[in-house]
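Structure, as structure tokens:
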Amino acid sequence: MKRTILLASISVALTWNRCNALINRKALVSRFNPTRNASSLTTPMQVGNGNFAFGADVTGLQTFQPFGILSSWGWKNDSLPLGVTQADVDDYKGVSWLNHGRPVQYDFGGGNPIEQWLISNPNRVNLGRIGLQFMDAEGNILTNVTENDLRKVSQKLDLWTGIISSSFELEGAKVLVEVACAQDTDVVGIRITSGLVKDGRLGMFLDFPWNDGSSKFSAPFVGNWSVPEKHTSVLTVSSSKIYEPGKVQAEITHEMDGNSFFTSLAGDDMKVTRLSPSTHRYIVRPSKSQSNVFSIAVAFGNATAINGAISSPSDIFESSRDTWQGYWLNHGFVDVLTGSSDSRAPELQRRIILSRYLMKVNEAGSTPPQESGLTNNGWVSFLKMYFWHSIHWALWSNWDLLSRSNDIYSRFLRSSIQRAQIQQGWPAGARWPKMTDPSGRSAPGEINNLLIWEQPHPLVFAEYEYRAFPTAATLQKWEDVVKETADWMAAFAWWNETSGVYDIGPPMYIVSEDTSPNVTRNAAFELSYWRFGLGLAETWMQKLGKEVPVQWTNVRNKLAKLPSSNGTYDVYEGIEPDFWTDPAFTSNHPALVGLHGWLPPTQGLDINMAKATAEKVWASWNATDFWGWDFPMLAMSAARNGNPDKAIDWLLSPLFTFDDVGMPGGGVQVPTPYFPGAGALLLAVAMMSAGWDGSTAHAPGFPEDGWKVEYEGISKAL
């Protein structure tokens with residue numbers, strides 16, 4: 001099935017080629033290969049495959065900076081709080097709030113220690129650390145070598161192959177370290193070339209930290225390296241006497257709170273020893289120092305591989321080269337640089353290329369990613385943010401990557417139905433969680449329970465997939481998800497007998513999470529998204545040849561009008577008239593601009609009023625508090641409202657930052673990296689290039705003056 005999707009996406013990409021000749025993709029990609037001559041203190045260079053990522057300092061490993069090795073599967077549960085049993089956790093109920101007179105049970109309230117444990121668990125684990133180990137002429141471990149001791153330091157990430165090459169001199173000896181990640185397994189390939197290897201003065205170390213869920217953010221480093229007594233590690237050496245490049249020679253089992261993680265080593269014949277019983281550091285050296293080259297494969301997993309086989313170092317480098325070349329050649333591509341005279345074009349092209357690389361490394365896994373991807377631990381997986389993380393894959397013809405995770409809605413369907421109907425007592429439908437773990441369980445918290453804008457997301461994902469693959473199989477694949485999603489949306493809408501309309505809320509939190517949930521009614525963006533989503537669901541059922549539930553149509557047609565006053569839309573119905581000058585309402589996500597930009601025109605929307613609203617947001621909102629996806633959302637609004645110059649201004653705002661290796665900044669709100677900013681950038685660029693439903697001009701989101709845009713394999717936005 002994945003092979004079929006990949007071939008279909010390639011076919012679509014070639015069909016949409018707008019150039020007389022193919023864009024010179026390799027030249028453009030290679031132009032933006034990141035380079036460094038010193039380690040960053042905040043962000044690594046990375047190799048990875050979407051489900052697994054390895055962060056490197058300037059040595060190509062984690063010699064001086066303990067950047068993370070993170071995965072989509074590497075999670076652990078902490079021990080339960082003192083005096084709390086699993087039965088207590090299973091019985092946790094939270095509080096009950098009234099929704100228009102009807103009690104609804106939510107997972108929050110009271111400061112219960114069980115609630116905090118449920119928020120913190122499971123937590124993502126830093127699987128370990130790999131660094132260069134320096135030794136003296138007698139083979140004794142040197143502990144006093146620092147980055148300042150290195151000379152002629154040079155590091156480059158070859159984006160076309162996904163290989164990091166780092167070189168330096170130490171005491172006059174040259175060292176070259178090359179690192180790659182296998183693309184179908186979670187294995188790092190490392191090749192060290194130096195006379196120091198042959199002299200027995202250079203090897204590697206592996207180290208393992210304690211991990212727990214005590215910290216909401218753990219950036220730039222993950223794990224605690226100073227409490228070795230809290231966890232255990234055990235070295236096992238293979239019983240096999242046969243040396244083969246991919247044969248596992250040694251394995252380290254790392255255990256924390258009953259959770260086990262395995263690190264397996266293969267490659268050149270090696271000797272692995274533990275530094276001391278009181279640490280979790282292991283030294284890896286060539287068994288025989290007869291060569292200047294030491295190649296090793298390090299595999300991470302949750303199952304033992306001892307006496308088995310993993311990818312050999314050479315296979316890993318080949319896997320990386322082949323897969324990355326296919327990624328760059330066979331999917332969507334946008335060239336805003338060749339032929340453009342605007343001085344900002346190189347920076348926009350750099351952001352596009354590096355975002356494409358980093359999103360594949362960090363955000364192309366089997367579960368909804370966290371904001372910081374697989375770089376460090378930020379907020380855990382958010383289904384609300386899945387749109388900004390992943391919808392761009394659909395427009396860039398990356399169905400092979402999107403298909404890894406977009407079945408989360410079918411995977412989470414049963415638990416979401418239970419949440420809606422059993423826990424909360426709604427008569428029908430599935431209520432999707434905001435913050436979740438790989439099981440689909442919702443994390444406790446007031447905002448987590450009362451936010452609703454994630455609800456229509458699966459309807460948009462389904463629609464884009466049908467556009468790419470308009471088959472009965474696609475309709476049937478999404479049928480249950482579409483139906484249960486719309487059923488809850490219709491159930492949540494409350495018939496207001498006084499006004500004769502369906503209201504949305506209270507209680508509810510809006511996109512910006514900065515209004516009181518108990519007074520927030522008929523928020524403008526949520527109303528528009530509800531109408532749009534229900535319309536998509538109705539069309540889906542019609543394509544299936546099935547009857548559309550009357551309640552869906554009834555709710556969509558009779559939803560409250562978008563709140564407005566003085567010629568612009570309001571955040572929600574009844575908000576104070578001077579909210580435009582109140583920092584409490586103008587210092588977070590400006591979702592009002594999403595009414596026409598993020599969303600296409602919806603039923604009842606006045607496009608001129610939407611444009612006036614966006615312009616007032618530009619003038620009134622505190623732009624220094626914008627972060628991440630706010631800037632691309634503002635750009636999409638400007639583009640759809642016919643102001644491409646402003647769209648470019650937002651995409652290249654000095655407040656919207658991408659560092660030297662392309663890590664998107666978190667602004668004033670969260671640590672760097674904040675990958676929804678990169679995903680939203682790619683969504684906005686795709687929309688501005690290929691256009692949207694009803695647009696006819698080439699690259700309608702770009703100014704005609706100074707910009708020449710060519711694209712291949714990019715789909716139109718809704």
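Each chain of the structure tokens is named A, B, ... in the order shown, its residues numbered from 1; ligands are numbered from 1 in display order.
Assigned to helix (DSSP H, G or I) in region 667-702 of chain A, given DSSP computed from backbone atoms, are A:Pro676, A:Gly677, A:Ala678, A:Gly679, A:Ala680, A:Leu681, A:Leu682, A:Leu683, A:Ala684, A:Val685, A:Ala686, A:Met687, A:Met688, A:Ser689, A:Ala690.
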How close does each residue of region 225-308 of chain A get to region 175-184 of chain A, giving the shortest atom pair and distance in Å to one decimal for every residue with an atom at most 12 Å away, counting only C-alpha atoms, sorted by chain and residue number, as JSON lines?
{"residue": "A:Asn292", "atom": "CA", "partner": "A:Val175", "partner_atom": "CA", "distance": 9.7}
{"residue": "A:Val293", "atom": "CA", "partner": "A:Leu176", "partner_atom": "CA", "distance": 9.4}
{"residue": "A:Phe294", "atom": "CA", "partner": "A:Val177", "partner_atom": "CA", "distance": 9.7}
{"residue": "A:Ser295", "atom": "CA", "partner": "A:Glu178", "partner_atom": "CA", "distance": 9.4}
{"residue": "A:Ile296", "atom": "CA", "partner": "A:Val179", "partner_atom": "CA", "distance": 9.9}
{"residue": "A:Ala297", "atom": "CA", "partner": "A:Cys181", "partner_atom": "CA", "distance": 9.4}
{"residue": "A:Val298", "atom": "CA", "partner": "A:Cys181", "partner_atom": "CA", "distance": 9.7}
{"residue": "A:Ala299", "atom": "CA", "partner": "A:Ala182", "partner_atom": "CA", "distance": 9.5}
{"residue": "A:Phe300", "atom": "CA", "partner": "A:Ala182", "partner_atom": "CA", "distance": 11.5}
Checklist entry - So which residues touch region 81-96 of chain A within 10 Å, counting only C-alpha atoms, skipping near sequence neighbours fewer than 5 positions away, as a PyMOL selection string? => result chain A and resi 102-118+423-424+444-446
Residues just named, written with C-alpha atoms as a CSV table (one decimal), in the first residue's frame:
chain,number,residue,atom,x,y,z
A,102,ARG,CA,-26.2,19.5,31.4
A,103,PRO,CA,-23.3,18.1,33.5
A,104,VAL,CA,-20.2,17.1,31.6
A,105,GLN,CA,-17.4,15.2,33.1
A,106,TYR,CA,-13.9,16.5,32.4
A,107,ASP,CA,-10.3,15.4,33.3
A,108,PHE,CA,-9.1,18.2,35.4
A,109,GLY,CA,-9.6,20.0,38.7
A,110,GLY,CA,-8.5,20.0,42.3
A,111,GLY,CA,-4.7,19.6,42.0
A,112,ASN,CA,-5.0,15.9,42.4
A,113,PRO,CA,-1.5,14.2,42.2
A,114,ILE,CA,-3.0,11.6,39.9
A,115,GLU,CA,-3.8,14.4,37.4
A,116,GLN,CA,-0.2,15.6,37.3
A,117,TRP,CA,1.0,12.1,36.9
A,118,LEU,CA,-1.4,11.6,34.0
A,423,GLN,CA,-17.2,9.9,29.9
A,424,GLN,CA,-18.9,13.2,28.9
A,444,PRO,CA,-5.9,16.2,32.0
A,445,GLY,CA,-6.1,19.9,32.1
A,446,GLU,CA,-8.8,22.6,31.7
Checklist entry - In terms of the shortest atom-to-atom distance over only C-alpha atoms, which of A:Ala560, A:Ala27, A:Val197, A:Ile130 is closest to Glu497 (chain A)? => result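 So, comparing all the options, the nearest one is A:Ala560.
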Checklist entry - Got a sec: who's within 8 Å of region 273-288 of chain A, counting only C-alpha atoms, leaving out chain neighbours fewer than 3 positions off, as a list in words? => result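 So the residues in contact are Gln133, Val197, Gly200, Leu202, Gly203, Met204, Phe205, Leu206, Asp207, Phe208, Pro209, Pro228, Glu229, Thr232, Ser233, Leu235, Asp268, Asp269, Met270 and Phe294 of chain A.
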The selected residues should be written to file as a PDB file, in the first residue's frame (atoms: N, CA and C atoms).
ATOM      1  N   GLN A 133      35.660   9.468  22.123  1.00  0.00           N
ATOM      2  CA  GLN A 133      36.451   9.240  23.340  1.00  0.00           C
ATOM      3  C   GLN A 133      37.933   9.390  23.002  1.00  0.00           C
ATOM      4  N   VAL A 197      42.976   6.859  15.390  1.00  0.00           N
ATOM      5  CA  VAL A 197      42.317   5.559  15.516  1.00  0.00           C
ATOM      6  C   VAL A 197      43.368   4.452  15.478  1.00  0.00           C
ATOM      7  N   GLY A 200      45.373   3.976  18.528  1.00  0.00           N
ATOM      8  CA  GLY A 200      44.662   3.575  19.737  1.00  0.00           C
ATOM      9  C   GLY A 200      44.286   4.735  20.627  1.00  0.00           C
ATOM     10  N   LEU A 202      41.762   7.060  19.794  1.00  0.00           N
ATOM     11  CA  LEU A 202      40.440   7.609  19.500  1.00  0.00           C
ATOM     12  C   LEU A 202      39.430   6.478  19.363  1.00  0.00           C
ATOM     13  N   GLY A 203      38.376   6.591  20.103  1.00  0.00           N
ATOM     14  CA  GLY A 203      37.252   5.660  20.028  1.00  0.00           C
ATOM     15  C   GLY A 203      35.963   6.417  20.264  1.00  0.00           C
ATOM     16  N   MET A 204      34.989   5.749  20.877  1.00  0.00           N
ATOM     17  CA  MET A 204      33.703   6.381  21.156  1.00  0.00           C
ATOM     18  C   MET A 204      33.257   6.037  22.570  1.00  0.00           C
ATOM     19  N   PHE A 205      32.319   6.841  23.076  1.00  0.00           N
ATOM     20  CA  PHE A 205      31.646   6.479  24.324  1.00  0.00           C
ATOM     21  C   PHE A 205      30.135   6.496  24.101  1.00  0.00           C
ATOM     22  N   LEU A 206      29.442   5.701  24.893  1.00  0.00           N
ATOM     23  CA  LEU A 206      27.986   5.736  24.964  1.00  0.00           C
ATOM     24  C   LEU A 206      27.610   6.016  26.406  1.00  0.00           C
ATOM     25  N   ASP A 207      26.618   6.869  26.606  1.00  0.00           N
ATOM     26  CA  ASP A 207      26.186   7.217  27.955  1.00  0.00           C
ATOM     27  C   ASP A 207      24.666   7.305  27.962  1.00  0.00           C
ATOM     28  N   PHE A 208      24.087   7.114  29.158  1.00  0.00           N
ATOM     29  CA  PHE A 208      22.634   7.023  29.245  1.00  0.00           C
ATOM     30  C   PHE A 208      22.132   7.837  30.431  1.00  0.00           C
ATOM     31  N   PRO A 209      21.137   8.729  30.200  1.00  0.00           N
ATOM     32  CA  PRO A 209      20.624   9.562  31.280  1.00  0.00           C
ATOM     33  C   PRO A 209      19.370   8.974  31.929  1.00  0.00           C
ATOM     34  N   PRO A 228      22.854   8.610  38.583  1.00  0.00           N
ATOM     35  CA  PRO A 228      23.009   7.240  38.071  1.00  0.00           C
ATOM     36  C   PRO A 228      22.380   6.187  38.973  1.00  0.00           C
ATOM     37  N   GLU A 229      22.205   6.504  40.246  1.00  0.00           N
ATOM     38  CA  GLU A 229      21.634   5.534  41.169  1.00  0.00           C
ATOM     39  C   GLU A 229      20.155   5.265  40.921  1.00  0.00           C
ATOM     40  N   THR A 232      19.433   1.686  35.898  1.00  0.00           N
ATOM     41  CA  THR A 232      20.445   0.648  35.735  1.00  0.00           C
ATOM     42  C   THR A 232      20.766   0.454  34.265  1.00  0.00           C
ATOM     43  N   SER A 233      21.959  -0.044  33.994  1.00  0.00           N
ATOM     44  CA  SER A 233      22.339  -0.440  32.641  1.00  0.00           C
ATOM     45  C   SER A 233      23.227  -1.675  32.740  1.00  0.00           C
ATOM     46  N   LEU A 235      25.679  -4.394  30.289  1.00  0.00           N
ATOM     47  CA  LEU A 235      26.351  -4.714  29.030  1.00  0.00           C
ATOM     48  C   LEU A 235      26.316  -6.219  28.797  1.00  0.00           C
ATOM     49  N   ASP A 268      32.778  -2.577  12.603  1.00  0.00           N
ATOM     50  CA  ASP A 268      34.134  -3.099  12.709  1.00  0.00           C
ATOM     51  C   ASP A 268      34.306  -3.834  14.034  1.00  0.00           C
ATOM     52  N   ASP A 269      35.201  -4.796  14.044  1.00  0.00           N
ATOM     53  CA  ASP A 269      35.443  -5.567  15.265  1.00  0.00           C
ATOM     54  C   ASP A 269      35.800  -4.605  16.397  1.00  0.00           C
ATOM     55  N   MET A 270      35.102  -4.738  17.534  1.00  0.00           N
ATOM     56  CA  MET A 270      35.223  -3.724  18.588  1.00  0.00           C
ATOM     57  C   MET A 270      35.307  -4.364  19.959  1.00  0.00           C
ATOM     58  N   PHE A 294      37.436   3.615  11.662  1.00  0.00           N
ATOM     59  CA  PHE A 294      36.612   2.834  12.589  1.00  0.00           C
ATOM     60  C   PHE A 294      35.152   3.128  12.255  1.00  0.00           C
TER      61      PHE A 294
END
Restrict the calculation to only C-alpha atoms, then for each residue of region 478-571 of chain A with any atom at most 12 Å from an atom of region 377-391 of chain A give the closest atom pair and their distance in Å to one decimal, rows by chain and rising residue number, as a tab-separated table.
residue	atom	partner	partner_atom	distance
A:Ile510	CA	A:Lys384	CA	11.5
A:Val511	CA	A:Lys384	CA	9.3
A:Ser512	CA	A:Lys384	CA	11.9
Item to check | Using only C-alpha atoms: which of A:Val550, A:Leu196, A:Val617, A:Leu354 has the shortest distance to Ala537 (chain A) | outcome: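 Using only C-alpha atoms, the shortest distance to Ala537 (chain A) belongs to A:Val550.
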Checklist entry - Taking into account only C-alpha atoms, which residue in the set A:Phe168, A:Thr236, A:Asp487, A:Arg201 is nearest to Ser289 (chain A)? => result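 Checking each candidate against Ser289 (chain A), we get A:Arg201 as the closest.
Interatomic distance, CA of Gln349 (chain A) against CA of Ser637 (chain A): 20.7 Å.
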Checklist entry - Nearest to Val58 (chain A) among A:Gln155, A:Ser79, A:Ser564, A:Asn148, with distances taken over only C-alpha atoms: which residue is it? => result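 The closest residue to Val58 (chain A) is A:Gln155.
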Just want the 10 Å neighbourhood of Glu479 (chain A), counted on only C-alpha atoms, with same-chain residues fewer than 6 positions away dropped. Output as a tab-separated table (two decimals) with all heavy atoms, in the first residue's frame.
chain	number	residue	atom	x	y	z
A	410	SER	N	-8.30	6.97	12.89
A	410	SER	CA	-8.94	5.67	13.03
A	410	SER	C	-8.40	4.93	14.25
A	410	SER	O	-9.14	4.22	14.93
A	410	SER	CB	-8.74	4.83	11.76
A	410	SER	OG	-7.37	4.64	11.47
A	462	ALA	N	-9.00	14.27	5.48
A	462	ALA	CA	-9.73	13.36	4.60
A	462	ALA	C	-9.96	13.99	3.23
A	462	ALA	O	-9.78	13.33	2.19
A	462	ALA	CB	-11.06	12.98	5.24
A	473	ALA	N	-12.15	3.52	-2.20
A	473	ALA	CA	-11.35	3.06	-1.06
A	473	ALA	C	-11.04	4.20	-0.10
A	473	ALA	O	-11.07	4.03	1.12
A	473	ALA	CB	-10.06	2.41	-1.56
A	485	THR	N	-16.87	12.28	13.73
A	485	THR	CA	-16.41	13.66	13.94
A	485	THR	C	-17.57	14.63	13.81
A	485	THR	O	-17.79	15.50	14.67
A	485	THR	CB	-15.32	14.02	12.92
A	485	THR	OG1	-14.19	13.16	13.11
A	485	THR	CG2	-14.88	15.47	13.07
A	537	ALA	N	-18.16	17.15	5.67
A	537	ALA	CA	-18.74	15.87	6.08
A	537	ALA	C	-19.98	15.53	5.25
A	537	ALA	O	-20.17	14.38	4.84
A	537	ALA	CB	-19.09	15.92	7.56
A	540	TRP	N	-18.94	14.36	1.89
A	540	TRP	CA	-18.35	13.02	1.99
A	540	TRP	C	-19.43	11.95	1.92
A	540	TRP	O	-19.31	10.96	1.19
A	540	TRP	CB	-17.56	12.89	3.29
A	540	TRP	CG	-16.54	11.79	3.26
A	540	TRP	CD1	-16.72	10.49	3.65
A	540	TRP	CD2	-15.19	11.90	2.80
A	540	TRP	NE1	-15.56	9.78	3.47
A	540	TRP	CE2	-14.60	10.61	2.95
A	540	TRP	CE3	-14.42	12.92	2.29
A	540	TRP	CZ2	-13.28	10.36	2.60
A	540	TRP	CZ3	-13.10	12.67	1.95
A	540	TRP	CH2	-12.55	11.40	2.10
A	541	MET	N	-20.48	12.15	2.69
A	541	MET	CA	-21.56	11.16	2.70
A	541	MET	C	-22.25	11.09	1.34
A	541	MET	O	-22.63	10.01	0.87
A	541	MET	CB	-22.56	11.49	3.80
A	541	MET	CG	-21.97	11.48	5.21
A	541	MET	SD	-21.15	9.92	5.65
A	541	MET	CE	-22.59	8.85	5.82
A	544	LEU	N	-20.30	9.01	-0.96
A	544	LEU	CA	-20.49	7.60	-0.62
A	544	LEU	C	-21.84	7.07	-1.08
A	544	LEU	O	-22.09	5.87	-1.03
A	544	LEU	CB	-20.35	7.40	0.89
A	544	LEU	CG	-18.93	7.27	1.46
A	544	LEU	CD1	-18.95	7.43	2.97
A	544	LEU	CD2	-18.32	5.92	1.08
Checklist entry - If we count only C-alpha atoms, what is near Trp328 (chain A) at a cut-off of 9 Å, once residues fewer than 5 positions away on the same chain are taken out, given as a list in words? => result Arg25, Lys26, Val29, Trp160, Thr323, Phe333 and Arg356 of chain A
Can I get the selection written as a compact mmCIF listing (two decimals), in the first residue's frame, with all heavy atoms?
# COMPACT_ATOMS: atom_id res chain seq x y z
N ARG A 25 16.93 20.82 -8.94
CA ARG A 25 16.68 20.67 -7.51
C ARG A 25 17.98 20.47 -6.72
O ARG A 25 18.15 21.06 -5.64
CB ARG A 25 15.73 19.50 -7.27
CG ARG A 25 14.35 19.69 -7.89
CD ARG A 25 13.43 18.55 -7.52
NE ARG A 25 12.08 18.75 -8.08
CZ ARG A 25 11.01 18.13 -7.62
NH1 ARG A 25 11.10 17.27 -6.63
NH2 ARG A 25 9.82 18.35 -8.16
N LYS A 26 18.88 19.66 -7.24
CA LYS A 26 20.10 19.38 -6.48
C LYS A 26 20.91 20.65 -6.26
O LYS A 26 21.46 20.87 -5.17
CB LYS A 26 20.95 18.33 -7.20
CG LYS A 26 22.17 17.92 -6.38
CD LYS A 26 22.94 16.77 -7.03
CE LYS A 26 24.10 16.35 -6.14
NZ LYS A 26 24.88 15.23 -6.74
N VAL A 29 19.07 22.71 -3.52
CA VAL A 29 19.18 22.09 -2.20
C VAL A 29 20.60 22.24 -1.67
O VAL A 29 20.82 22.68 -0.53
CB VAL A 29 18.78 20.60 -2.27
CG1 VAL A 29 19.13 19.89 -0.97
CG2 VAL A 29 17.29 20.46 -2.56
N TRP A 160 21.38 16.76 0.48
CA TRP A 160 21.01 15.86 -0.62
C TRP A 160 21.16 14.39 -0.21
O TRP A 160 20.45 13.53 -0.72
CB TRP A 160 21.86 16.16 -1.85
CG TRP A 160 21.33 15.55 -3.12
CD1 TRP A 160 21.82 14.45 -3.77
CD2 TRP A 160 20.22 16.00 -3.89
NE1 TRP A 160 21.08 14.19 -4.89
CE2 TRP A 160 20.09 15.13 -4.99
CE3 TRP A 160 19.31 17.06 -3.77
CZ2 TRP A 160 19.09 15.28 -5.96
CZ3 TRP A 160 18.33 17.22 -4.73
CH2 TRP A 160 18.22 16.34 -5.81
N THR A 323 17.57 7.39 -0.05
CA THR A 323 16.26 7.87 0.39
C THR A 323 16.17 9.39 0.29
O THR A 323 15.15 9.93 -0.16
CB THR A 323 15.97 7.42 1.83
OG1 THR A 323 16.04 5.99 1.88
CG2 THR A 323 14.59 7.86 2.27
N PHE A 333 8.28 20.60 -4.95
CA PHE A 333 9.45 21.48 -4.89
C PHE A 333 9.02 22.87 -5.34
O PHE A 333 8.22 23.03 -6.27
CB PHE A 333 10.57 20.97 -5.81
CG PHE A 333 11.93 21.47 -5.42
CD1 PHE A 333 12.71 20.74 -4.56
CD2 PHE A 333 12.42 22.67 -5.92
CE1 PHE A 333 13.99 21.19 -4.19
CE2 PHE A 333 13.67 23.13 -5.56
CZ PHE A 333 14.46 22.38 -4.69
N ARG A 356 12.07 21.74 4.76
CA ARG A 356 11.76 20.45 4.13
C ARG A 356 12.65 19.34 4.72
O ARG A 356 12.18 18.23 4.98
CB ARG A 356 11.98 20.54 2.62
CG ARG A 356 10.91 21.31 1.87
CD ARG A 356 9.63 20.50 1.72
NE ARG A 356 9.78 19.42 0.75
CZ ARG A 356 8.97 18.39 0.65
NH1 ARG A 356 7.96 18.26 1.49
NH2 ARG A 356 9.16 17.45 -0.28
Checklist outcome for this item: Separating CA of Phe702 (chain A) from CA of Asn330 (chain A), to the nearest tenth of an Å, is a gap of 24.4 Å
Next on the checklist: From a backbone DSSP assignment, name each residue in region 514-631 of chain A labelled strand (DSSP E), as an MDAnalysis selection string.
Outcome noted: chainID A and resid 564:565 568:569
Item to check | Nearest candidate to Leu159 (chain A) (options A:Arg191, A:Arg31, A:Arg129, A:Lys271; using only C-alpha atoms) | outcome: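 Among A:Arg191, A:Arg31, A:Arg129, A:Lys271, it is A:Arg31 that comes nearest to Leu159 (chain A).
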Next on the checklist: Which residues are close to Glu347 (chain A), i.e. within 10 Å by only C-alpha atoms, leaving aside same-chain residues fewer than 5 positions away? Reply as a PyMOL selection string.
Outcome noted: chain A and resi 32+336-337+352-353+652+658
